[in-house]
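*Asks:* Have a peek at final_33.cif (mmCIF, C-alpha atoms and all ligand atoms).
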```
data_run
loop_
_atom_site.label_atom_id
_atom_site.label_comp_id
_atom_site.auth_asym_id
_atom_site.auth_seq_id
_atom_site.Cartn_x
_atom_site.Cartn_y
_atom_site.Cartn_z
CA MET A 1 173.30 130.57 80.10
CA ASP A 2 174.43 129.61 83.58
CA TRP A 3 171.15 129.79 85.45
CA THR A 4 172.07 127.82 88.57
CA VAL A 5 171.37 129.66 91.79
CA GLY A 6 171.12 126.83 94.27
CA ARG A 7 170.56 123.18 95.16
CA TRP A 8 167.94 121.81 97.50
CA LEU A 9 167.56 118.29 98.90
CA ALA A 10 164.42 116.53 100.12
CA PRO A 11 164.65 113.01 101.57
CA GLY A 12 162.54 109.87 101.20
CA ARG A 13 161.25 108.22 104.38
CA VAL A 14 160.56 105.02 106.21
CA ASN A 15 157.67 104.93 108.59
CA LEU A 16 158.64 103.12 111.78
CA ILE A 17 154.98 102.54 112.58
CA GLY A 18 151.62 104.11 111.63
CA GLU A 19 150.63 102.78 108.22
CA HIS A 20 147.34 103.82 106.58
CA THR A 21 146.53 105.98 109.58
CA ASP A 22 147.23 109.38 107.99
CA TYR A 23 144.02 109.59 105.94
CA ASN A 24 142.11 108.43 109.00
CA ASP A 25 143.24 111.57 110.87
CA GLY A 26 145.50 109.44 113.09
CA PHE A 27 149.16 109.20 114.12
CA VAL A 28 152.39 108.40 112.26
CA LEU A 29 156.04 107.96 113.29
CA PRO A 30 158.36 108.25 110.27
CA MET A 31 162.04 109.12 109.89
CA ALA A 32 163.83 110.67 106.93
CA LEU A 33 166.21 108.52 104.90
CA PRO A 34 169.77 109.41 103.95
CA LEU A 35 168.48 109.15 100.35
CA GLY A 36 166.63 111.89 98.54
CA VAL A 37 166.08 114.07 95.51
CA THR A 38 168.33 117.02 94.73
CA CYS A 39 166.73 119.91 92.88
CA THR A 40 169.09 122.34 91.19
CA ALA A 41 167.07 125.44 90.47
CA GLY A 42 167.48 128.83 88.89
CA ILE A 43 165.47 131.97 88.39
CA ARG A 44 164.00 132.74 84.97
CA THR A 45 162.02 135.82 84.12
CA ASP A 46 160.88 134.94 80.59
CA GLY A 47 157.83 132.84 81.51
CA ALA A 48 159.55 129.64 80.37
CA VAL A 49 159.51 126.40 82.37
CA ARG A 50 162.26 123.84 81.82
CA VAL A 51 162.51 120.65 83.88
CA SER A 52 164.96 117.80 83.44
CA SER A 53 165.85 114.71 85.44
CA VAL A 54 168.96 112.54 85.49
CA GLN A 55 166.61 109.55 85.90
CA ALA A 56 164.71 110.43 82.68
CA PRO A 57 167.47 111.66 80.34
CA CYS A 58 165.36 111.64 77.18
CA ASP A 59 162.35 113.36 78.72
CA GLU A 60 163.30 116.99 79.28
CA VAL A 61 160.18 119.15 79.43
CA GLU A 62 160.00 122.65 77.98
CA THR A 63 156.82 124.62 78.37
CA THR A 64 155.63 127.97 79.71
CA MET A 65 153.79 129.14 82.81
CA THR A 66 150.80 129.97 80.60
CA GLY A 67 151.03 126.59 78.88
CA LEU A 68 150.85 124.80 82.24
CA GLY A 69 147.60 126.54 83.03
CA SER A 70 145.95 125.57 79.77
CA GLY A 71 145.91 121.78 80.00
CA GLY A 72 147.62 119.30 77.69
CA TRP A 73 149.20 117.49 80.64
CA SER A 74 148.51 114.06 79.18
CA GLU A 75 151.24 114.76 76.60
CA LEU A 76 153.82 115.19 79.37
CA PRO A 77 155.86 112.32 80.87
CA THR A 78 154.38 111.04 84.16
CA TRP A 79 157.44 111.86 86.29
CA ALA A 80 157.18 115.50 85.18
CA HIS A 81 153.66 115.79 86.59
CA TYR A 82 155.23 115.97 90.09
CA PRO A 83 157.47 119.03 89.58
CA LEU A 84 155.02 120.69 87.18
CA GLY A 85 152.15 120.04 89.59
CA VAL A 86 154.10 121.83 92.31
CA ILE A 87 154.82 124.79 90.01
CA ARG A 88 151.17 125.00 88.96
CA GLU A 89 150.01 124.76 92.57
CA PHE A 90 152.18 127.73 93.63
CA GLU A 91 150.61 129.76 90.82
CA ARG A 92 147.08 128.61 91.64
CA ARG A 93 147.59 129.82 95.21
CA GLY A 94 148.54 133.25 93.97
CA TYR A 95 152.35 133.07 94.20
CA GLU A 96 153.71 134.50 90.97
CA LEU A 97 156.50 132.56 89.31
CA PRO A 98 158.07 134.48 86.39
CA GLY A 99 159.63 131.27 84.98
CA VAL A 100 161.27 128.13 86.34
CA GLU A 101 164.43 126.17 85.56
CA LEU A 102 164.91 122.85 87.40
CA ALA A 103 167.29 119.90 87.12
CA LEU A 104 166.48 116.89 89.30
CA ASP A 105 168.52 113.93 90.48
CA GLY A 106 167.40 111.26 92.94
CA THR A 107 168.85 108.43 95.00
CA VAL A 108 165.60 107.04 96.47
CA PRO A 109 164.73 103.76 94.72
CA LEU A 110 161.59 104.31 92.61
CA GLY A 111 158.39 102.45 93.48
CA ALA A 112 159.99 100.96 96.62
CA GLY A 113 157.54 102.44 99.13
CA LEU A 114 160.25 104.85 100.33
CA SER A 115 158.57 108.05 99.09
CA SER A 116 160.62 108.89 96.05
CA SER A 117 157.57 110.87 94.86
CA ALA A 118 157.36 113.04 97.97
CA ALA A 119 161.13 113.60 97.86
CA LEU A 120 160.72 114.84 94.29
CA SER A 121 157.77 117.15 94.91
CA CYS A 122 159.14 118.46 98.22
CA SER A 123 162.58 119.25 96.75
CA VAL A 124 160.90 121.34 94.06
CA ALA A 125 158.54 123.00 96.55
CA ILE A 126 161.32 124.18 98.89
CA ALA A 127 163.40 125.41 95.96
CA LEU A 128 160.48 127.47 94.62
CA ARG A 129 159.75 128.82 98.09
CA ASP A 130 163.30 130.04 98.58
CA LEU A 131 163.50 131.55 95.10
CA TYR A 132 160.06 133.12 94.75
CA ALA A 133 157.82 132.89 97.81
CA PRO A 134 159.76 132.96 101.10
CA SER A 135 156.63 133.57 103.18
CA VAL A 136 155.20 130.10 102.47
CA SER A 137 155.06 128.04 105.69
CA ASP A 138 156.15 124.42 106.07
CA ALA A 139 152.49 123.43 106.48
CA GLU A 140 151.66 125.02 103.14
CA ILE A 141 154.69 123.41 101.46
CA ILE A 142 153.40 120.02 102.65
CA ASP A 143 149.95 120.88 101.33
CA ILE A 144 151.31 122.07 97.97
CA ALA A 145 153.39 118.89 97.52
CA ARG A 146 150.48 116.68 98.53
CA THR A 147 148.04 118.51 96.25
CA ALA A 148 150.49 118.17 93.35
CA GLU A 149 150.38 114.38 93.79
CA ASN A 150 146.62 114.21 94.41
CA VAL A 151 145.50 116.51 91.61
CA TYR A 152 148.20 116.53 88.93
CA VAL A 153 149.43 112.95 89.27
CA GLY A 154 146.11 111.50 90.41
CA VAL A 155 147.32 109.50 93.44
CA PRO A 156 145.10 110.15 96.48
CA THR A 157 147.86 110.06 99.16
CA GLY A 158 147.59 111.35 102.71
CA VAL A 159 150.17 113.69 104.29
CA LEU A 160 152.58 111.15 105.76
CA ASP A 161 155.25 111.21 103.06
CA GLN A 162 155.36 114.96 102.46
CA SER A 163 155.30 115.71 106.22
CA ALA A 164 158.18 113.29 106.81
CA SER A 165 160.24 114.77 103.99
CA ILE A 166 159.76 118.35 105.22
CA LEU A 167 159.59 118.03 109.02
CA CYS A 168 161.94 115.17 110.01
CA THR A 169 165.22 116.03 111.71
CA GLU A 170 168.49 114.16 111.96
CA GLY A 171 168.65 111.59 114.76
CA HIS A 172 164.89 111.69 115.40
CA LEU A 173 161.59 110.10 114.58
CA LEU A 174 158.79 112.51 113.75
CA PHE A 175 155.70 111.90 115.86
CA LEU A 176 152.85 113.57 113.98
CA ASP A 177 149.22 113.90 114.98
CA VAL A 178 147.68 114.32 111.55
CA ARG A 179 144.46 115.83 112.92
CA THR A 180 146.04 118.68 114.85
CA GLY A 181 149.31 118.94 112.93
CA ALA A 182 151.13 118.74 116.30
CA THR A 183 154.64 117.32 115.98
CA GLU A 184 157.29 116.02 118.34
CA GLN A 185 160.85 115.01 117.53
CA ILE A 186 161.64 111.76 119.36
CA PRO A 187 165.34 110.83 119.63
CA PHE A 188 166.10 107.51 117.89
CA ASP A 189 169.74 106.62 118.45
CA LEU A 190 169.91 102.94 117.58
CA ASN A 191 173.68 102.91 117.61
CA ARG A 192 173.73 103.66 121.33
CA PHE A 193 171.88 100.39 121.91
CA GLY A 194 173.98 98.35 119.47
CA LEU A 195 171.04 98.21 117.05
CA ALA A 196 170.54 98.88 113.35
CA LEU A 197 167.47 99.43 111.18
CA LEU A 198 167.70 97.44 107.97
CA VAL A 199 165.63 98.21 104.89
CA PHE A 200 164.94 95.54 102.27
CA ASP A 201 163.69 96.92 98.97
CA THR A 202 162.01 93.74 97.75
CA GLY A 203 161.81 95.02 94.18
CA SER A 204 158.24 93.74 93.96
CA PRO A 205 156.02 96.06 91.95
CA HIS A 206 153.23 98.06 93.60
CA ARG A 207 150.56 95.77 92.17
CA LEU A 208 147.26 97.60 91.64
CA VAL A 209 148.40 100.00 94.32
CA GLU A 210 146.56 103.08 93.17
CA GLY A 211 143.14 101.48 92.79
CA GLU A 212 143.52 99.46 95.98
CA TYR A 213 144.69 102.52 97.91
CA SER A 214 141.53 104.43 96.96
CA THR A 215 139.44 101.39 97.85
CA ARG A 216 141.01 101.23 101.33
CA ARG A 217 140.30 104.92 101.85
CA ALA A 218 136.67 104.41 100.89
CA GLU A 219 136.36 101.37 103.17
CA CYS A 220 137.73 103.37 106.11
CA ALA A 221 135.27 106.18 105.43
CA ALA A 222 132.42 103.64 105.29
CA ALA A 223 133.57 102.01 108.55
CA ALA A 224 133.76 105.40 110.30
CA GLU A 225 130.27 106.25 109.07
CA ALA A 226 128.88 102.91 110.29
CA LEU A 227 130.47 103.59 113.69
CA GLY A 228 129.04 107.12 113.79
CA VAL A 229 132.41 108.90 114.00
CA PRO A 230 133.98 111.45 111.62
CA PHE A 231 137.19 109.40 111.23
CA LEU A 232 138.47 106.05 112.52
CA ARG A 233 140.81 108.11 114.69
CA ASP A 234 137.74 108.95 116.77
CA VAL A 235 136.98 105.36 117.80
CA ARG A 236 137.53 105.43 121.57
CA ASP A 237 137.03 101.76 122.39
CA SER A 238 138.41 99.00 120.14
CA ALA A 239 135.49 96.80 121.23
CA ASP A 240 133.22 99.10 119.14
CA VAL A 241 135.01 97.90 116.00
CA GLU A 242 134.07 94.30 116.73
CA ARG A 243 130.41 95.27 116.61
CA LEU A 244 130.64 96.32 112.94
CA GLY A 245 128.31 94.05 110.99
CA ASP A 246 130.34 93.93 107.76
CA PRO A 247 133.37 91.63 108.27
CA LEU A 248 135.47 93.43 105.67
CA LEU A 249 134.88 96.86 107.22
CA ARG A 250 135.51 95.30 110.63
CA ARG A 251 138.95 94.08 109.52
CA ARG A 252 139.87 97.42 107.93
CA ALA A 253 138.79 99.38 111.02
CA ARG A 254 140.56 96.92 113.32
CA HIS A 255 143.83 97.62 111.54
CA VAL A 256 143.51 101.40 111.68
CA VAL A 257 142.36 101.58 115.30
CA SER A 258 145.03 99.12 116.51
CA GLU A 259 147.72 100.83 114.40
CA ASP A 260 147.00 104.23 115.99
CA PHE A 261 147.40 102.51 119.34
CA ARG A 262 150.71 100.97 118.25
CA VAL A 263 152.05 104.40 117.21
CA LEU A 264 151.15 105.85 120.60
CA LEU A 265 152.74 102.88 122.36
CA VAL A 266 156.01 103.01 120.40
CA ALA A 267 156.22 106.80 120.78
CA GLU A 268 155.65 106.49 124.52
CA GLU A 269 158.35 103.83 124.98
CA LEU A 270 160.96 105.65 122.93
CA ARG A 271 160.13 109.02 124.51
CA GLU A 272 160.90 107.48 127.88
CA GLY A 273 164.26 106.25 126.62
CA ALA A 274 163.41 102.53 126.52
CA ASP A 275 165.75 100.08 124.83
CA PRO A 276 164.28 99.99 121.27
CA ARG A 277 164.39 96.19 121.35
CA SER A 278 161.19 96.45 123.36
CA ILE A 279 159.26 97.92 120.41
CA GLY A 280 160.12 94.95 118.15
CA PRO A 281 156.95 92.92 118.82
CA THR A 282 154.78 96.00 118.22
CA LEU A 283 156.42 96.53 114.81
CA THR A 284 155.77 92.90 113.90
CA ALA A 285 152.17 93.15 115.13
CA GLY A 286 151.80 96.09 112.72
CA HIS A 287 152.88 93.83 109.87
CA ILE A 288 150.46 91.07 110.81
CA SER A 289 147.65 93.62 110.97
CA LEU A 290 148.54 95.02 107.52
CA ARG A 291 148.77 91.48 106.14
CA ASP A 292 145.63 89.94 107.63
CA ASP A 293 143.23 92.79 108.40
CA TYR A 294 144.20 95.50 105.93
CA GLU A 295 145.29 93.02 103.23
CA VAL A 296 147.95 95.21 101.64
CA SER A 297 150.97 92.91 101.95
CA ALA A 298 152.55 90.81 99.19
CA PRO A 299 154.38 87.44 99.13
CA GLU A 300 157.79 89.15 98.85
CA LEU A 301 157.04 91.36 101.87
CA ASP A 302 155.84 88.44 104.00
CA THR A 303 158.86 86.38 102.98
CA ALA A 304 161.27 89.16 103.99
CA VAL A 305 159.52 89.73 107.33
CA ASP A 306 159.37 86.02 108.19
CA ALA A 307 163.01 85.41 107.23
CA ALA A 308 164.25 88.46 109.15
CA LEU A 309 162.39 87.41 112.29
CA ALA A 310 163.56 83.80 112.02
CA ALA A 311 167.15 85.07 111.73
CA GLY A 312 166.87 87.09 114.96
CA ALA A 313 165.34 90.47 114.09
CA TYR A 314 163.51 92.00 117.09
CA GLY A 315 160.73 93.27 114.86
CA SER A 316 159.99 93.54 111.16
CA ARG A 317 157.24 94.99 108.98
CA MET A 318 156.34 96.24 105.54
CA VAL A 319 156.41 100.02 105.09
CA GLY A 320 154.41 102.39 102.89
CA GLY A 321 151.21 101.80 100.97
CA GLY A 322 151.87 98.10 100.37
CA PHE A 323 151.26 95.53 97.59
CA GLY A 324 155.03 95.52 97.13
CA GLY A 325 157.85 97.83 98.13
CA SER A 326 160.05 97.61 101.21
CA VAL A 327 160.37 95.97 104.61
CA ILE A 328 162.20 97.18 107.72
CA ALA A 329 163.87 94.98 110.33
CA LEU A 330 165.25 96.01 113.72
CA VAL A 331 168.40 93.99 114.37
CA ASP A 332 171.55 93.88 116.51
CA VAL A 333 174.37 95.66 114.69
CA ASP A 334 176.43 92.47 114.65
CA GLN A 335 173.50 90.54 113.14
CA VAL A 336 173.09 92.73 110.04
CA ALA A 337 174.98 90.28 107.80
CA THR A 338 173.19 87.23 109.25
CA VAL A 339 169.72 88.71 108.76
CA THR A 340 170.58 90.03 105.30
CA ASP A 341 171.86 86.61 104.20
CA ALA A 342 168.77 84.91 105.61
CA VAL A 343 166.43 87.20 103.66
CA ARG A 344 168.46 86.76 100.48
CA GLU A 345 168.38 82.97 100.85
CA ALA A 346 164.62 82.97 101.49
CA PHE A 347 164.12 85.06 98.34
CA ALA A 348 166.26 82.69 96.29
CA ARG A 349 164.30 79.68 97.62
CA SER A 350 161.01 81.36 96.66
CA GLY A 351 162.26 82.25 93.20
CA PHE A 352 162.17 86.03 93.86
CA ASP A 353 164.85 88.39 92.56
CA ALA A 354 167.42 89.32 95.22
CA PRO A 355 166.27 92.27 97.37
CA ARG A 356 168.36 95.43 97.82
CA ASP A 357 169.29 96.02 101.42
CA PHE A 358 170.72 98.96 103.32
CA VAL A 359 171.07 100.20 106.88
CA VAL A 360 169.36 103.55 107.53
CA THR A 361 169.75 106.23 110.18
CA PRO A 362 167.29 109.07 110.88
CA SER A 363 168.43 111.85 108.58
CA ALA A 364 167.73 115.53 108.04
CA GLY A 365 164.50 116.76 106.48
CA ALA A 366 164.35 118.94 103.36
CA HIS A 367 166.93 121.74 103.23
CA ARG A 368 169.05 123.91 100.97
CA LEU A 369 172.46 122.43 100.13
CA ASP A 370 174.19 125.44 98.61
C1 LIG B 401 151.45 105.93 100.96
C2 LIG B 401 150.75 107.28 101.03
C3 LIG B 401 150.76 107.82 102.47
C4 LIG B 401 150.25 106.77 103.47
C5 LIG B 401 150.96 105.44 103.23
C6 LIG B 401 150.41 104.34 104.09
O1 LIG B 401 152.83 106.08 101.23
O2 LIG B 401 151.40 108.20 100.20
O3 LIG B 401 149.98 109.00 102.54
O4 LIG B 401 148.86 106.65 103.42
O5 LIG B 401 150.87 105.03 101.88
O6 LIG B 401 150.70 104.58 105.42
#
```
How does the structure come out when it is put into structure tokens?
*Replies:*
Amino acid sequence: MDWTVGRWLAPGRVNLIGEHTDYNDGFVLPMALPLGVTCTAGIRTDGAVRVSSVQAPCDEVETTMTGLGSGGWSELPTWAHYPLGVIREFERRGYELPGVELALDGTVPLGAGLSSSAALSCSVAIALRDLYAPSVSDAEIIDIARTAENVYVGVPTGVLDQSASILCTEGHLLFLDVRTGATEQIPFDLNRFGLALLVFDTGSPHRLVEGEYSTRRAECAAAAEALGVPFLRDVRDSADVERLGDPLLRRRARHVVSEDFRVLLVAEELREGADPRSIGPTLTAGHISLRDDYEVSAPELDTAVDAALAAGAYGSRMVGGGFGGSVIALVDVDQVATVTDAVREAFARSGFDAPRDFVVTPSAGAHRLD
């Protein structure tokens, strides 16, 4: 049976600045990558659910809408929890799906801190919306994709990744106030300034990332409580943070409060059309804060950042949840090869596997391909 009715694409992201601020009700400034997940989808009316992925060729899942509602998820491959979680979440919210047929294929490196998971869940969510529930808003799509990860995969993420995948537009950074949901598209044309944004996928595993991520969330909640505010976003004066008695909570809060400030600063400079070279030191300050105060960096990430800066990058930082993953570096276009070589050499000297590197431009958010 030829069931194909369309193809949808949702991108991964890099966050220019604003790490670990989303679950503190703060600010983020991501852009979509020219890499994503394509979901080929078709309508079924027989109650069956079939999901396959090019990246998991031996793991095709066949079940039914009823079956999905009656448990047994532990038998299913982990990758399938993302698309099936999205399907289940549509149903749970009262959107009736008479059956689903999906084939997935992705180009975002897995586990690299570039939101391959959000690209996967968002590609499925927009496909299901177009096929079965056209009234669903972007905000609800983001919520469905996030809930799929939180509940059916068990990773307690914030909204950064899903918002970036759905709301980013080509040529722009997405400035998002997580509390209000207010967004602004800020032009980010590096080429005009002779600049390039390099990504190094360090290939280092997300060590302990899930447990540590939850721990950081809990520490932020405890710091906010000690400061008498609902969220760390509500800290008005950074001097308040220094009065926290517990040194660990003080460090965690210092990162979040200063990171929100860095997002606002970078957004302000770019909004006013500044030469992006001027934001370099703020990006690097973000890395130092994640490394020393939030303690989510890793030797490979620090090595890449240090080598990129020593080779002339204007700014460099780890992106995503941390404990491994990727680093960005803002460099002159004609320095891309020099910086790339420097990072590769530093990795070889440290005995790390060679990183993957690529230049990225702000790309389109999730959309239908055909
Ligand atoms: C992961 C989570 C996001 C966000 C980042 C850190 O990517 O999925 O919600 O918290 O970490 O900024």
*Asks:* Do you know which residues are at most 12 Å from Glu268 of chain A counting all atoms listed in the file, after dropping those on the same chain fewer than 6 positions away, and could you put them as a PDB file with C-alpha atoms, keeping the file's coordinate frame?
*Replies:*
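Here's the written file part-v7.pdb:
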```
ATOM      1  CA  LEU A  29     156.040 107.960 113.290  1.00  0.00           C
ATOM      2  CA  PHE A 175     155.700 111.900 115.860  1.00  0.00           C
ATOM      3  CA  GLU A 184     157.290 116.020 118.340  1.00  0.00           C
ATOM      4  CA  ILE A 186     161.640 111.760 119.360  1.00  0.00           C
ATOM      5  CA  PRO A 187     165.340 110.830 119.630  1.00  0.00           C
ATOM      6  CA  PHE A 261     147.400 102.510 119.340  1.00  0.00           C
ATOM      7  CA  ARG A 262     150.710 100.970 118.250  1.00  0.00           C
ATOM      8  CA  ALA A 274     163.410 102.530 126.520  1.00  0.00           C
ATOM      9  CA  ASP A 275     165.750 100.080 124.830  1.00  0.00           C
ATOM     10  CA  PRO A 276     164.280  99.990 121.270  1.00  0.00           C
ATOM     11  CA  SER A 278     161.190  96.450 123.360  1.00  0.00           C
ATOM     12  CA  ILE A 279     159.260  97.920 120.410  1.00  0.00           C
TER      13      ILE A 279
END
```
*Asks:* Around ligand LIG 401 (chain B), out to 9 Å and counting all atoms listed in the file, which residues are there? I want them as an mmCIF file with C-alpha atoms, in the frame of the given file.
*Replies:*
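See result-v5.cif below for the written result:
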```cif
data_model
loop_
_atom_site.group_PDB
_atom_site.id
_atom_site.type_symbol
_atom_site.label_atom_id
_atom_site.label_comp_id
_atom_site.auth_asym_id
_atom_site.auth_seq_id
_atom_site.Cartn_x
_atom_site.Cartn_y
_atom_site.Cartn_z
ATOM 1 C CA ASN A 15 157.670 104.930 108.590
ATOM 2 C CA ILE A 17 154.980 102.540 112.580
ATOM 3 C CA GLY A 18 151.620 104.110 111.630
ATOM 4 C CA GLU A 19 150.630 102.780 108.220
ATOM 5 C CA HIS A 20 147.340 103.820 106.580
ATOM 6 C CA THR A 21 146.530 105.980 109.580
ATOM 7 C CA ASP A 22 147.230 109.380 107.990
ATOM 8 C CA TYR A 23 144.020 109.590 105.940
ATOM 9 C CA ASN A 24 142.110 108.430 109.000
ATOM 10 C CA VAL A 28 152.390 108.400 112.260
ATOM 11 C CA GLY A 113 157.540 102.440 99.130
ATOM 12 C CA LEU A 114 160.250 104.850 100.330
ATOM 13 C CA SER A 115 158.570 108.050 99.090
ATOM 14 C CA SER A 117 157.570 110.870 94.860
ATOM 15 C CA ALA A 118 157.360 113.040 97.970
ATOM 16 C CA ARG A 146 150.480 116.680 98.530
ATOM 17 C CA GLU A 149 150.380 114.380 93.790
ATOM 18 C CA VAL A 155 147.320 109.500 93.440
ATOM 19 C CA PRO A 156 145.100 110.150 96.480
ATOM 20 C CA THR A 157 147.860 110.060 99.160
ATOM 21 C CA GLY A 158 147.590 111.350 102.710
ATOM 22 C CA VAL A 159 150.170 113.690 104.290
ATOM 23 C CA LEU A 160 152.580 111.150 105.760
ATOM 24 C CA ASP A 161 155.250 111.210 103.060
ATOM 25 C CA GLN A 162 155.360 114.960 102.460
ATOM 26 C CA TYR A 213 144.690 102.520 97.910
ATOM 27 C CA ARG A 217 140.300 104.920 101.850
ATOM 28 C CA VAL A 319 156.410 100.020 105.090
ATOM 29 C CA GLY A 320 154.410 102.390 102.890
ATOM 30 C CA GLY A 321 151.210 101.800 100.970
ATOM 31 C CA GLY A 322 151.870 98.100 100.370
#
```
*Asks:* Name the residues in contact with segment 296-313 of chain A at a cut-off of 7 Å, using only C-alpha atoms, excluding same-chain residues fewer than 5 positions from it; report them as a compact mmCIF listing (two decimals) with C-alpha atoms, in the coordinates of the input.
*Replies:*
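To be explicit, this is the file written out as around-v3.txt:
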```
# COMPACT_ATOMS: atom_id res chain seq x y z
CA THR A 202 162.01 93.74 97.75
CA SER A 204 158.24 93.74 93.96
CA LEU A 290 148.54 95.02 107.52
CA ARG A 291 148.77 91.48 106.14
CA MET A 318 156.34 96.24 105.54
CA GLY A 322 151.87 98.10 100.37
CA PHE A 323 151.26 95.53 97.59
CA GLY A 324 155.03 95.52 97.13
CA SER A 326 160.05 97.61 101.21
CA VAL A 327 160.37 95.97 104.61
CA ALA A 329 163.87 94.98 110.33
CA LEU A 330 165.25 96.01 113.72
CA VAL A 331 168.40 93.99 114.37
CA THR A 338 173.19 87.23 109.25
CA VAL A 339 169.72 88.71 108.76
CA ALA A 342 168.77 84.91 105.61
CA VAL A 343 166.43 87.20 103.66
CA ALA A 346 164.62 82.97 101.49
```
*Asks:* If you count only C-alpha atoms, which residues fall within 12 Å of Gly154 of chain A, apart from same-chain ones fewer than 2 positions away, as a PDB file with C-alpha atoms, keeping the file's coordinate frame?
*Replies:*
```pdb
ATOM      1  CA  TRP A  73     149.200 117.490  80.640  1.00  0.00           C
ATOM      2  CA  SER A  74     148.510 114.060  79.180  1.00  0.00           C
ATOM      3  CA  THR A  78     154.380 111.040  84.160  1.00  0.00           C
ATOM      4  CA  HIS A  81     153.660 115.790  86.590  1.00  0.00           C
ATOM      5  CA  TYR A  82     155.230 115.970  90.090  1.00  0.00           C
ATOM      6  CA  GLY A  85     152.150 120.040  89.590  1.00  0.00           C
ATOM      7  CA  ARG A 146     150.480 116.680  98.530  1.00  0.00           C
ATOM      8  CA  THR A 147     148.040 118.510  96.250  1.00  0.00           C
ATOM      9  CA  ALA A 148     150.490 118.170  93.350  1.00  0.00           C
ATOM     10  CA  GLU A 149     150.380 114.380  93.790  1.00  0.00           C
ATOM     11  CA  ASN A 150     146.620 114.210  94.410  1.00  0.00           C
ATOM     12  CA  VAL A 151     145.500 116.510  91.610  1.00  0.00           C
ATOM     13  CA  TYR A 152     148.200 116.530  88.930  1.00  0.00           C
ATOM     14  CA  PRO A 156     145.100 110.150  96.480  1.00  0.00           C
ATOM     15  CA  THR A 157     147.860 110.060  99.160  1.00  0.00           C
ATOM     16  CA  GLU A 210     146.560 103.080  93.170  1.00  0.00           C
ATOM     17  CA  GLY A 211     143.140 101.480  92.790  1.00  0.00           C
ATOM     18  CA  TYR A 213     144.690 102.520  97.910  1.00  0.00           C
ATOM     19  CA  SER A 214     141.530 104.430  96.960  1.00  0.00           C
TER      20      SER A 214
END
```
*Asks:* Which residue gives the smallest distance to Ala48 of chain A among A:Leu265, A:Val100, A:Ala80, A:Leu16, with all atoms listed in the file counted?
*Replies:*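 Of A:Leu265, A:Val100, A:Ala80, A:Leu16, the one nearest Ala48 of chain A is A:Val100, counting all atoms listed in the file.
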*Asks:* Counting only C-alpha atoms, which residue out of A:Glu101, A:Asp334, A:Asp246, A:Glu170 sits closest to Arg7 of chain A?
*Replies:* A:Glu101
*Asks:* Quote the spacing between atom CA of Gly94 of chain A and atom CA of Gly47 of chain A in Å to one decimal place.
*Replies:*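 Calculated distance between atom CA of Gly94 of chain A and atom CA of Gly47 of chain A is 15.5 Å.
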*Asks:* Measuring between only C-alpha atoms, which one of A:Leu190, A:Ala337, A:Met65, A:Ala41 shows the shortest distance to Ala125 of chain A?
*Replies:* A:Ala41
*Asks:* Closest to Cys122 of chain A among A:Leu9, A:Asp46, A:Glu295, A:Asp357, using only C-alpha atoms?
*Replies:*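 Smallest distance to Cys122 of chain A is found for A:Leu9.
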*Asks:* Atom CA of Val359 of chain A and atom CA of Leu174 of chain A, how far apart in Å?
*Replies:*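 For atom CA of Leu174 of chain A relative to atom CA of Val359 of chain A, the distance reads 18.7 Å.
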*Asks:* One number please: atom CA of Ser238 of chain A to atom CA of Asp260 of chain A, in Å, one decimal.
*Replies:* 10.9 Å
*Asks:* Restricted to C-alpha atoms, what does segment 351-366 of chain A look like when written out as a PDB file, in the first residue's frame?
*Replies:*
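Result file selection.pdb:
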```pdb
ATOM      1  CA  GLY A 351      44.092  11.769  23.350  1.00  0.00           C
ATOM      2  CA  PHE A 352      40.449  12.558  22.418  1.00  0.00           C
ATOM      3  CA  ASP A 353      38.845  11.270  19.220  1.00  0.00           C
ATOM      4  CA  ALA A 354      38.747  13.885  16.456  1.00  0.00           C
ATOM      5  CA  PRO A 355      35.684  16.163  16.727  1.00  0.00           C
ATOM      6  CA  ARG A 356      33.217  16.661  13.865  1.00  0.00           C
ATOM      7  CA  ASP A 357      33.035  20.251  12.746  1.00  0.00           C
ATOM      8  CA  PHE A 358      30.663  22.206  10.542  1.00  0.00           C
ATOM      9  CA  VAL A 359      29.702  25.798   9.819  1.00  0.00           C
ATOM     10  CA  VAL A 360      26.055  26.607  10.554  1.00  0.00           C
ATOM     11  CA  THR A 361      23.684  29.337   9.415  1.00  0.00           C
ATOM     12  CA  PRO A 362      20.320  30.201  11.010  1.00  0.00           C
ATOM     13  CA  SER A 363      17.854  27.957   9.209  1.00  0.00           C
ATOM     14  CA  ALA A 364      14.097  27.561   8.906  1.00  0.00           C
ATOM     15  CA  GLY A 365      11.991  26.140  11.718  1.00  0.00           C
ATOM     16  CA  ALA A 366       9.730  23.095  11.325  1.00  0.00           C
TER      17      ALA A 366
END
```
